[in-house]
>>> print(open('start_30.csv').read())   # CSV, C-alpha atoms
chain,number,residue,atom,x,y,z
E,100,MET,CA,-3.7,-3.8,24.1
E,101,GLU,CA,-1.3,-4.3,21.3
E,102,THR,CA,-3.0,-1.6,19.2
E,103,ALA,CA,-2.2,0.9,22.0
E,104,THR,CA,1.6,0.5,21.8
E,105,ARG,CA,1.6,-0.2,18.0
E,106,PRO,CA,-1.4,1.5,16.5
E,107,TYR,CA,-0.6,0.1,13.1
E,108,ALA,CA,-0.7,-3.6,14.2
E,109,PHE,CA,-3.1,-6.0,12.7
E,110,SER,CA,-6.4,-6.4,14.5
E,111,ARG,CA,-9.3,-8.5,13.3
E,112,LYS,CA,-11.7,-6.0,14.8
E,113,VAL,CA,-10.2,-3.1,13.0
E,114,PHE,CA,-10.1,-5.0,9.7
E,115,CYS,CA,-13.8,-5.9,10.1
E,116,GLU,CA,-14.8,-2.3,10.9
E,117,GLY,CA,-13.1,-1.4,7.6
E,118,MET,CA,-15.0,-4.0,5.8
E,119,ARG,CA,-18.3,-2.9,7.4
E,120,ASP,CA,-17.7,0.7,6.3
E,121,GLY,CA,-16.5,-0.6,2.9
E,122,VAL,CA,-19.9,-2.2,2.0
E,123,PRO,CA,-21.8,1.0,1.0
E,124,ILE,CA,-18.7,2.2,-0.8
E,125,ALA,CA,-18.3,-1.0,-2.7
E,126,LEU,CA,-22.0,-1.0,-3.7
E,127,GLY,CA,-21.8,2.6,-5.0
E,128,TYR,CA,-18.5,1.8,-6.8
E,129,PHE,CA,-20.0,-1.1,-8.6
E,130,ALA,CA,-22.9,1.0,-9.9
E,131,VAL,CA,-20.8,4.0,-10.9
E,132,SER,CA,-18.0,1.9,-12.5
E,133,PHE,CA,-20.6,0.1,-14.5
E,134,SER,CA,-21.3,3.5,-16.2
E,135,LEU,CA,-17.5,3.9,-16.5
E,136,GLY,CA,-17.4,0.6,-18.4
E,137,ILE,CA,-19.8,2.1,-21.0
E,138,ALA,CA,-17.2,4.8,-21.6
E,139,ALA,CA,-14.4,2.2,-21.6
E,140,ARG,CA,-16.2,0.2,-24.3
E,141,LYS,CA,-16.4,3.3,-26.5
E,142,ALA,CA,-12.6,3.6,-26.1
E,143,GLY,CA,-12.3,0.0,-27.4
E,144,LEU,CA,-11.3,-1.7,-24.2
E,145,THR,CA,-12.0,-5.3,-23.7
E,146,PRO,CA,-13.7,-6.4,-20.4
E,147,VAL,CA,-10.3,-7.8,-19.2
E,148,GLN,CA,-8.6,-4.5,-20.1
E,149,GLY,CA,-11.3,-2.6,-18.3
E,150,PHE,CA,-11.0,-4.8,-15.3
E,151,PHE,CA,-7.3,-4.1,-15.0
E,152,ALA,CA,-7.6,-0.4,-15.9
E,153,SER,CA,-9.9,0.0,-12.9
E,154,LEU,CA,-8.1,-2.4,-10.6
E,155,LEU,CA,-4.8,-0.4,-11.2
E,156,ASN,CA,-6.2,3.1,-11.2
E,157,ASN,CA,-9.1,3.4,-8.8
E,158,ALA,CA,-10.1,6.8,-10.2
E,159,SER,CA,-13.5,7.8,-11.6
E,160,ALA,CA,-12.8,11.1,-13.2
E,161,GLY,CA,-9.2,10.2,-14.1
E,162,GLU,CA,-10.2,7.0,-15.8
E,163,TYR,CA,-13.2,8.6,-17.5
E,164,ALA,CA,-11.0,11.4,-18.9
E,165,ALA,CA,-8.3,9.0,-20.0
E,166,PHE,CA,-10.9,6.7,-21.8
E,167,ALA,CA,-12.3,9.7,-23.6
E,168,LEU,CA,-8.8,10.5,-24.9
E,169,ILE,CA,-8.0,6.8,-25.8
E,170,ALA,CA,-11.3,6.8,-27.8
E,171,SER,CA,-10.0,9.7,-29.9
E,172,GLY,CA,-6.6,7.9,-30.5
E,173,ALA,CA,-4.6,10.3,-28.3
E,174,THR,CA,-0.8,9.9,-27.6
E,175,TYR,CA,0.5,8.2,-24.4
E,176,LEU,CA,1.8,11.6,-23.3
E,177,GLU,CA,-1.7,13.2,-23.5
E,178,VAL,CA,-3.1,10.3,-21.5
E,179,ALA,CA,-0.4,10.8,-18.9
E,180,ILE,CA,-1.2,14.5,-18.6
E,181,ILE,CA,-4.9,14.1,-18.2
E,182,THR,CA,-4.4,11.4,-15.6
E,183,LEU,CA,-2.1,13.8,-13.7
E,184,ILE,CA,-4.6,16.6,-13.9
E,185,ALA,CA,-7.8,14.7,-13.1
E,186,ASN,CA,-6.1,12.9,-10.2
E,187,ALA,CA,-4.2,15.8,-8.8
E,188,ARG,CA,-6.5,16.0,-5.8
E,189,TYR,CA,-5.2,12.7,-4.6
E,190,LEU,CA,-1.8,14.4,-4.1
E,191,LEU,CA,-3.4,16.6,-1.4
E,192,MET,CA,-5.2,13.6,0.2
E,193,SER,CA,-2.0,11.6,0.3
E,194,CYS,CA,-0.2,14.6,2.0
E,195,ALA,CA,-2.9,14.6,4.6
E,196,LEU,CA,-2.7,10.9,5.1
E,197,ALA,CA,1.1,11.0,5.4
E,198,GLN,CA,0.7,13.0,8.6
E,199,ARG,CA,-1.4,10.4,10.2
E,200,PHE,CA,1.0,7.4,10.1
E,201,ALA,CA,2.1,6.4,13.6
E,202,PRO,CA,5.9,6.6,14.1
E,203,GLY,CA,7.4,3.2,13.5
E,204,THR,CA,4.7,2.1,11.0
E,205,PRO,CA,6.5,-0.3,8.6
E,206,PHE,CA,7.3,1.4,5.3
E,207,PHE,CA,5.4,-1.0,3.0
E,208,HIS,CA,2.1,0.1,4.5
E,209,ARG,CA,2.5,3.5,2.8
E,210,LEU,CA,2.9,1.7,-0.5
E,211,ILE,CA,-0.3,-0.3,-0.1
E,212,ILE,CA,-2.4,2.6,1.3
E,213,GLY,CA,-1.2,4.7,-1.7
E,214,TYR,CA,-2.7,2.1,-4.0
E,215,ASP,CA,-6.3,3.1,-3.3
E,216,VAL,CA,-6.4,6.8,-2.1
E,217,THR,CA,-9.9,7.8,-3.4
E,218,ASP,CA,-12.4,10.4,-2.3
E,219,GLU,CA,-14.4,7.9,-0.4
E,220,LEU,CA,-11.6,5.7,1.1
E,221,PHE,CA,-9.7,8.8,2.1
E,222,GLY,CA,-12.8,10.2,3.7
E,223,ILE,CA,-13.5,7.2,6.0
E,224,THR,CA,-9.8,6.8,6.8
E,225,ILE,CA,-9.1,10.4,7.8
E,226,ALA,CA,-12.4,10.5,9.7
E,227,ARG,CA,-11.1,8.0,12.3
E,228,PRO,CA,-9.5,9.6,15.3
E,229,GLY,CA,-5.9,9.1,16.2
E,230,TRP,CA,-3.1,7.3,14.4
E,231,LEU,CA,-4.0,5.5,11.2
E,232,ASN,CA,-4.4,1.8,11.4
E,233,PRO,CA,-3.8,0.6,7.8
E,234,PHE,CA,-5.8,-2.6,8.4
E,235,TYR,CA,-8.9,-0.5,8.7
E,236,THR,CA,-8.4,0.9,5.2
E,237,TYR,CA,-7.4,-2.5,3.9
E,238,GLY,CA,-10.7,-3.9,5.1
E,239,ALA,CA,-12.6,-1.3,3.0
E,240,ILE,CA,-10.2,-1.7,0.0
E,241,ALA,CA,-10.8,-5.5,0.1
E,242,LEU,CA,-14.4,-4.9,-0.9
E,243,ALA,CA,-14.2,-1.6,-2.8
E,244,ALA,CA,-11.3,-2.3,-5.2
E,245,PRO,CA,-12.8,-5.6,-6.6
E,246,ALA,CA,-16.2,-4.0,-6.9
E,247,TRP,CA,-14.8,-1.1,-8.8
E,248,ALA,CA,-12.9,-3.4,-11.2
E,249,ALA,CA,-15.8,-5.9,-11.6
E,250,GLY,CA,-18.3,-3.1,-12.3
E,251,THR,CA,-16.1,-1.7,-15.1
E,252,ALA,CA,-15.8,-5.1,-16.7
E,253,CYS,CA,-19.6,-5.7,-16.4
E,254,GLY,CA,-20.3,-2.3,-17.9
E,255,ILE,CA,-18.2,-3.2,-20.9
E,256,ILE,CA,-19.9,-6.6,-21.3
E,257,ALA,CA,-23.4,-5.4,-20.6
E,258,GLY,CA,-23.1,-2.2,-22.7
E,259,ASN,CA,-23.4,-4.6,-25.7
E,260,LEU,CA,-26.4,-6.5,-24.2
E,261,LEU,CA,-28.5,-3.8,-22.6
E,262,PRO,CA,-31.1,-2.0,-24.6
E,263,LEU,CA,-30.1,1.5,-25.7
E,264,ARG,CA,-32.6,3.0,-23.3
E,265,ALA,CA,-30.9,1.5,-20.3
E,266,VAL,CA,-27.4,2.4,-21.6
E,267,SER,CA,-28.6,6.0,-22.0
E,268,ALA,CA,-29.9,6.2,-18.5
E,269,LEU,CA,-26.8,4.5,-16.9
E,270,SER,CA,-24.4,6.8,-18.8
E,271,VAL,CA,-25.3,9.7,-16.5
E,272,ALA,CA,-24.5,7.8,-13.3
E,273,LEU,CA,-20.9,9.0,-13.4
E,274,TYR,CA,-21.9,12.6,-14.0
E,275,GLY,CA,-24.3,12.3,-11.0
E,276,MET,CA,-21.3,11.2,-8.9
E,277,PHE,CA,-19.3,14.2,-10.1
E,278,LEU,CA,-22.1,16.5,-9.2
E,279,ALA,CA,-22.3,15.0,-5.7
E,280,ILE,CA,-18.6,15.7,-5.3
E,281,ILE,CA,-18.6,19.4,-6.5
E,282,ILE,CA,-22.0,20.7,-5.4
E,283,PRO,CA,-21.7,20.4,-1.5
E,284,PRO,CA,-18.4,22.4,-1.4
E,285,ALA,CA,-20.0,24.9,-3.8
E,286,ARG,CA,-22.8,25.4,-1.3
E,287,LYS,CA,-20.3,26.2,1.4
E,288,SER,CA,-18.0,28.4,-0.6
E,289,LYS,CA,-19.0,31.2,-2.9
E,290,VAL,CA,-15.6,31.0,-4.7
E,291,VAL,CA,-16.1,27.3,-5.5
E,292,ALA,CA,-19.7,27.9,-6.6
E,293,ALA,CA,-18.6,30.6,-8.9
E,294,LEU,CA,-15.8,28.4,-10.2
E,295,VAL,CA,-18.2,25.6,-11.0
E,296,ALA,CA,-20.5,28.0,-12.8
E,297,ILE,CA,-17.6,29.5,-14.8
E,298,SER,CA,-16.3,26.0,-15.6
E,299,PHE,CA,-19.7,24.9,-16.9
E,300,ALA,CA,-19.9,28.1,-19.0
E,301,LEU,CA,-16.4,27.9,-20.5
E,302,SER,CA,-16.7,24.2,-21.1
E,303,PHE,CA,-19.9,24.8,-23.0
E,304,VAL,CA,-18.5,27.7,-25.0
E,305,CYS,CA,-15.3,25.7,-25.9
E,306,THR,CA,-17.3,22.7,-27.0
E,307,TYR,CA,-18.9,24.7,-29.8
E,308,LEU,CA,-16.4,27.5,-30.5
E,309,PRO,CA,-14.8,27.1,-33.9
E,310,GLY,CA,-11.1,26.2,-33.5
E,311,ILE,CA,-11.1,25.1,-29.9
E,312,SER,CA,-14.0,22.6,-30.5
E,313,ALA,CA,-11.6,20.8,-32.9
E,314,LEU,CA,-9.5,19.7,-29.9
E,315,SER,CA,-10.4,16.4,-28.3
E,316,ASP,CA,-12.5,16.4,-25.2
E,317,GLY,CA,-9.5,15.4,-23.1
E,318,THR,CA,-7.3,18.1,-24.4
E,319,ARG,CA,-10.0,20.7,-23.8
E,320,THR,CA,-10.4,19.4,-20.2
E,321,ILE,CA,-6.7,19.8,-19.6
E,322,LEU,CA,-6.4,23.3,-20.9
E,323,LEU,CA,-9.6,24.6,-19.2
E,324,THR,CA,-8.7,23.0,-15.9
E,325,VAL,CA,-5.2,24.4,-15.8
E,326,ALA,CA,-6.3,27.9,-16.9
E,327,ILE,CA,-9.3,28.2,-14.6
E,328,SER,CA,-7.5,26.7,-11.6
E,329,CYS,CA,-4.5,28.9,-12.1
E,330,ALA,CA,-6.6,32.0,-12.3
E,331,ALA,CA,-8.5,31.0,-9.2
E,332,ALA,CA,-5.3,30.2,-7.3
E,333,ILE,CA,-3.9,33.7,-8.1
E,334,LEU,CA,-7.2,35.6,-7.4
E,335,PHE,CA,-8.4,33.6,-4.5
E,336,PRO,CA,-5.5,32.0,-2.6
E,337,VAL,CA,-6.7,29.4,-0.2
E,338,LYS,CA,-5.8,29.7,3.5
E,339,GLN,CA,-3.7,26.9,5.0
E,340,GLU,CA,-6.5,25.2,6.9
E,341,GLU,CA,-8.9,25.1,4.0
E,342,GLY,CA,-6.4,23.5,1.7
E,343,ASN,CA,-5.6,20.8,4.1
E,344,GLN,CA,-9.1,19.6,4.8
A,97,MET,CA,-1.6,2.6,-30.0
A,98,ASN,CA,-1.9,-0.3,-27.6
A,99,ASN,CA,-4.6,-0.4,-24.9
A,100,TRP,CA,-2.3,-2.2,-22.4
A,101,ILE,CA,0.3,0.6,-22.7
A,102,TYR,CA,-2.4,3.2,-22.1
A,103,ILE,CA,-3.4,1.3,-19.0
A,104,ALA,CA,0.2,1.1,-17.9
A,105,VAL,CA,0.7,4.8,-18.4
A,106,MET,CA,-2.5,5.6,-16.4
A,107,PHE,CA,-1.3,3.3,-13.6
A,108,ALA,CA,2.2,4.8,-13.4
A,109,VAL,CA,0.9,8.3,-13.2
A,110,SER,CA,-2.0,7.8,-10.8
A,111,TYR,CA,0.1,5.6,-8.5
A,112,ALA,CA,3.0,8.1,-8.5
A,113,ILE,CA,0.6,10.9,-7.5
A,114,ARG,CA,-0.6,9.0,-4.5
A,115,ILE,CA,2.6,7.4,-3.4
A,116,LEU,CA,5.0,10.4,-3.6
A,117,PRO,CA,3.4,12.4,-0.8
A,118,LEU,CA,3.3,9.2,1.3
A,119,THR,CA,7.0,8.3,0.8
A,120,LEU,CA,9.2,11.2,-0.4
A,121,ILE,CA,7.4,14.5,0.2
A,122,ARG,CA,6.4,13.8,3.8
A,123,LYS,CA,6.2,17.5,4.7
A,124,PRO,CA,3.0,19.4,4.0
A,125,ILE,CA,3.0,21.6,0.8
A,126,GLU,CA,3.9,25.2,2.0
A,127,ASN,CA,3.6,27.1,-1.3
A,128,GLN,CA,0.3,28.9,-1.3
A,129,PHE,CA,-0.1,29.0,-5.1
A,130,ILE,CA,0.4,25.2,-5.5
A,131,GLN,CA,-1.8,24.5,-2.5
A,132,SER,CA,-4.6,26.7,-3.9
A,133,PHE,CA,-4.2,25.3,-7.4
A,134,LEU,CA,-4.4,21.7,-6.1
A,135,TYR,CA,-7.4,22.7,-4.0
A,136,TYR,CA,-9.4,24.1,-6.9
A,137,VAL,CA,-8.4,21.5,-9.6
A,138,PRO,CA,-10.9,18.8,-8.6
A,139,TYR,CA,-13.9,21.1,-8.7
A,140,VAL,CA,-12.9,22.7,-12.0
A,141,THR,CA,-12.0,19.5,-13.8
A,142,LEU,CA,-15.1,17.6,-12.7
A,143,ALA,CA,-17.3,20.6,-13.7
A,144,VAL,CA,-15.7,20.9,-17.1
A,145,MET,CA,-16.1,17.1,-17.7
A,146,THR,CA,-19.8,17.2,-16.5
A,147,PHE,CA,-21.2,19.9,-18.7
A,148,PRO,CA,-22.1,19.9,-21.6
A,149,ALA,CA,-21.1,16.2,-21.8
A,150,ILE,CA,-24.0,15.0,-19.7
A,151,VAL,CA,-26.4,16.6,-22.2
A,152,ASN,CA,-24.8,14.8,-25.1
A,153,ALA,CA,-24.5,11.4,-23.2
A,154,THR,CA,-28.2,10.6,-23.4
A,155,GLN,CA,-30.4,9.9,-26.5
A,156,SER,CA,-32.4,13.0,-25.8
A,157,PRO,CA,-30.5,16.1,-24.8
A,158,LEU,CA,-33.5,17.3,-22.8
A,159,ALA,CA,-33.3,14.2,-20.6
A,160,GLY,CA,-29.6,14.8,-20.0
A,161,ALA,CA,-30.2,18.5,-19.1
A,162,ALA,CA,-33.0,17.4,-16.7
A,163,ALA,CA,-30.6,14.9,-15.0
A,164,LEU,CA,-28.1,17.8,-14.6
A,165,VAL,CA,-30.6,20.1,-12.9
A,166,VAL,CA,-32.0,17.3,-10.7
A,167,GLY,CA,-28.5,16.1,-9.8
A,168,ILE,CA,-27.5,19.6,-8.8
A,169,ILE,CA,-30.6,20.2,-6.6
A,170,ALA,CA,-30.2,16.7,-4.9
A,171,ALA,CA,-26.5,17.3,-4.2
A,172,TRP,CA,-27.3,20.8,-2.9
A,173,MET,CA,-29.8,19.3,-0.5
A,174,GLY,CA,-27.2,17.0,0.8
A,175,ALA,CA,-27.8,13.7,-1.0
A,176,GLY,CA,-24.7,11.4,-1.2
A,177,LEU,CA,-22.8,10.1,-4.2
A,178,PHE,CA,-24.9,7.0,-4.8
A,179,PRO,CA,-28.3,8.6,-4.3
A,180,VAL,CA,-27.5,11.4,-6.7
A,181,SER,CA,-26.2,8.9,-9.3
A,182,VAL,CA,-29.3,6.8,-9.1
A,183,LEU,CA,-31.6,9.8,-9.2
A,184,CYS,CA,-29.9,11.1,-12.4
A,185,CYS,CA,-30.3,7.7,-14.1
A,186,ALA,CA,-34.0,7.5,-13.0
A,187,VAL,CA,-34.7,11.0,-14.4
A,188,VAL,CA,-33.2,10.0,-17.8
A,189,MET,CA,-35.0,6.6,-17.8
A,190,VAL,CA,-38.4,8.2,-17.1
A,191,LEU,CA,-38.1,11.2,-19.4
A,192,GLU,CA,-36.8,9.1,-22.4
A,193,PHE,CA,-39.7,6.8,-22.0
A,194,PHE,CA,-41.8,9.7,-23.2
A,195,LEU,CA,-39.3,11.6,-25.3
A,196,VAL,CA,-37.6,8.8,-27.3
A,197,HIS,CA,-39.7,6.4,-29.4
>>> encode(input="start_30.csv", output="structure tokens")
Amino acid sequence: METATRPYAFSRKVFCEGMRDGVPIALGYFAVSFSLGIAARKAGLTPVQGFFASLLNNASAGEYAAFALIASGATYLEVAIITLIANARYLLMSCALAQRFAPGTPFFHRLIIGYDVTDELFGITIARPGWLNPFYTYGAIALAAPAWAAGTACGIIAGNLLPLRAVSALSVALYGMFLAIIIPPARKSKVVAALVAISFALSFVCTYLPGISALSDGTRTILLTVAISCAAAILFPVKQEEGNQ
Amino acid sequence: MNNWIYIAVMFAVSYAIRILPLTLIRKPIENQFIQSFLYYVPYVTLAVMTFPAIVNATQSPLAGAAALVVGIIAAWMGAGLFPVSVLCCAVVMVLEFFLVH
């Protein structure tokens, strides 16, 4: 078996397994990025711009936060900072993935895998036992990335055509996805649960507090995230194993 | 301000975050503070962005609030990303049918 000596080698079977596991991810991405498109439209992005923003970024929270800032006419620096904060978790995921490349894997594979490290694609890639075969992930990316980009473009186009009632309902899809990411770990860890509750409360207070409420949504998100996460990291340092999961 | 430059900035930052650990920093992060900070960031940032924004995203704030509660319960009970999203949309759809005229 070629994949036994070179675990990173191309194999049609591995690529097809990736595509198989990519189908549900692509379907979910299309639906959620449709709702992201509604936010992109508010920021004044054209369908083509939305398509490329999603094709190049592959980030739900990061893109959403950036679009909110763009809508308020923020500076490029502010957009860079919010992208850094909202996507910081991918840094951890990439660290974990870096440990799973078989020795001798050609360097360019790292550059391609890095293109689409997301919660879901990281999840299915890291869940496979043994060395990483990049072609498994490529199979999933081949479906997931176009679905994510096309969904965003469709959301921008259809946001104009759909009745207000439907736009209103679809606009919560993204928040639903956020909840599905943060609630299961909150169930397992009391610290995370308390952090989520505190974040909800402080975010609510800051939205209506005179002074702070004058800041844009994106700037408030940056300040609150850094402040609350710093406090949590000092008060409740994470043990090695938890942080690497 | 140009949208294409915004998109280029977003791409540069998000690609750098993903590619640096895969290429340059191949060692795991040892510093406990940075590790803890990075561990907590996603939960905090997503929570901050979700509430109260979800309540203001819908035509009726009540529908948005109901979607929040239903979404939390569904996710708590183990529903995945896609089911929770669809459920939240359905709650708003149904409630606004009665609340918004």
>>> residues_near_point(input="start_30.csv", point="(-24.6, 19.9, -11.2)", cutoff="8 Å", atoms="only C-alpha atoms", output="JSON, numbers by chain")
{"E": [275, 277, 278, 279, 281, 282], "A": [143, 146, 164, 165, 166, 167, 168, 169, 171]}
>>> residues_around(input="start_30.csv", residues="A:Phe107", least_positions_apart="3", cutoff="10 Å", atoms="all atoms listed in the file", output="VMD selection string")
(chain E and resid 151 to 157 162 179 182 214) or (chain A and resid 101 to 104 110 to 113)
>>> residues_around(input="start_30.csv", residues="A:Tyr136", least_positions_apart="5", cutoff="9 Å", atoms="only C-alpha atoms", output="list of chain:residue names")
E:Arg188, E:Val291, E:Leu294, E:Ile327, E:Ser328, E:Cys329, E:Ala331, E:Ala332, E:Val337, A:Gln131, A:Thr141
>>> residues_near_point(input="start_30.csv", point="(-21.0, 10.6, -11.5)", cutoff="12 Å", atoms="only C-alpha atoms", output="ChimeraX atom specification")
/E:127-128,130-135,158-160,163,269-282 /A:142-143,145-147,149-150,163-164,167-168,171,176-185
>>> closest_residue(input="start_30.csv", among="A:Val196, A:Val151, A:Met189, A:Ala159", to="chain E", atoms="all atoms listed in the file")
A:Met189
>>> closest_residue(input="start_30.csv", among="A:Ala162, A:Ala170, A:Val188, A:Leu195", to="chain E", atoms="all atoms listed in the file")
A:Val188
>>> residues_around(input="start_30.csv", residues="E:Gly121", least_positions_apart="4", cutoff="6 Å", atoms="only C-alpha atoms", output="list of chain:residue names")
E:Gly117, E:Ala125, E:Ala239
>>> atom_distance(input="start_30.csv", atom1="atom CA of E:Asp218", atom2="atom CA of E:Pro202")
24.9 Å
>>> atom_distance(input="start_30.csv", atom1="atom CA of A:Met173", atom2="atom CA of E:Pro283")
8.2 Å
>>> closest_residue(input="start_30.csv", among="E:Lys287, E:Ala187, E:Ala246, E:Gly258", to="chain A", atoms="only C-alpha atoms")
E:Ala187
>>> closest_residue(input="start_30.csv", among="E:Ala249, E:Ala257, E:Ile321, E:Leu220", to="E:Phe150", atoms="all atoms listed in the file")
E:Ala249
>>> atom_distance(input="start_30.csv", atom1="atom CA of E:Gly143", atom2="atom CA of A:Ile115")
29.2 Å
>>> closest_residue(input="start_30.csv", among="E:Cys115, E:Leu260, E:Ala248, E:Leu323", to="chain A", atoms="only C-alpha atoms")
E:Leu323
>>> closest_residue(input="start_30.csv", among="E:Ala197, E:Ala293, E:Ile169, E:Val304", to="A:Leu118", atoms="all atoms listed in the file")
E:Ala197
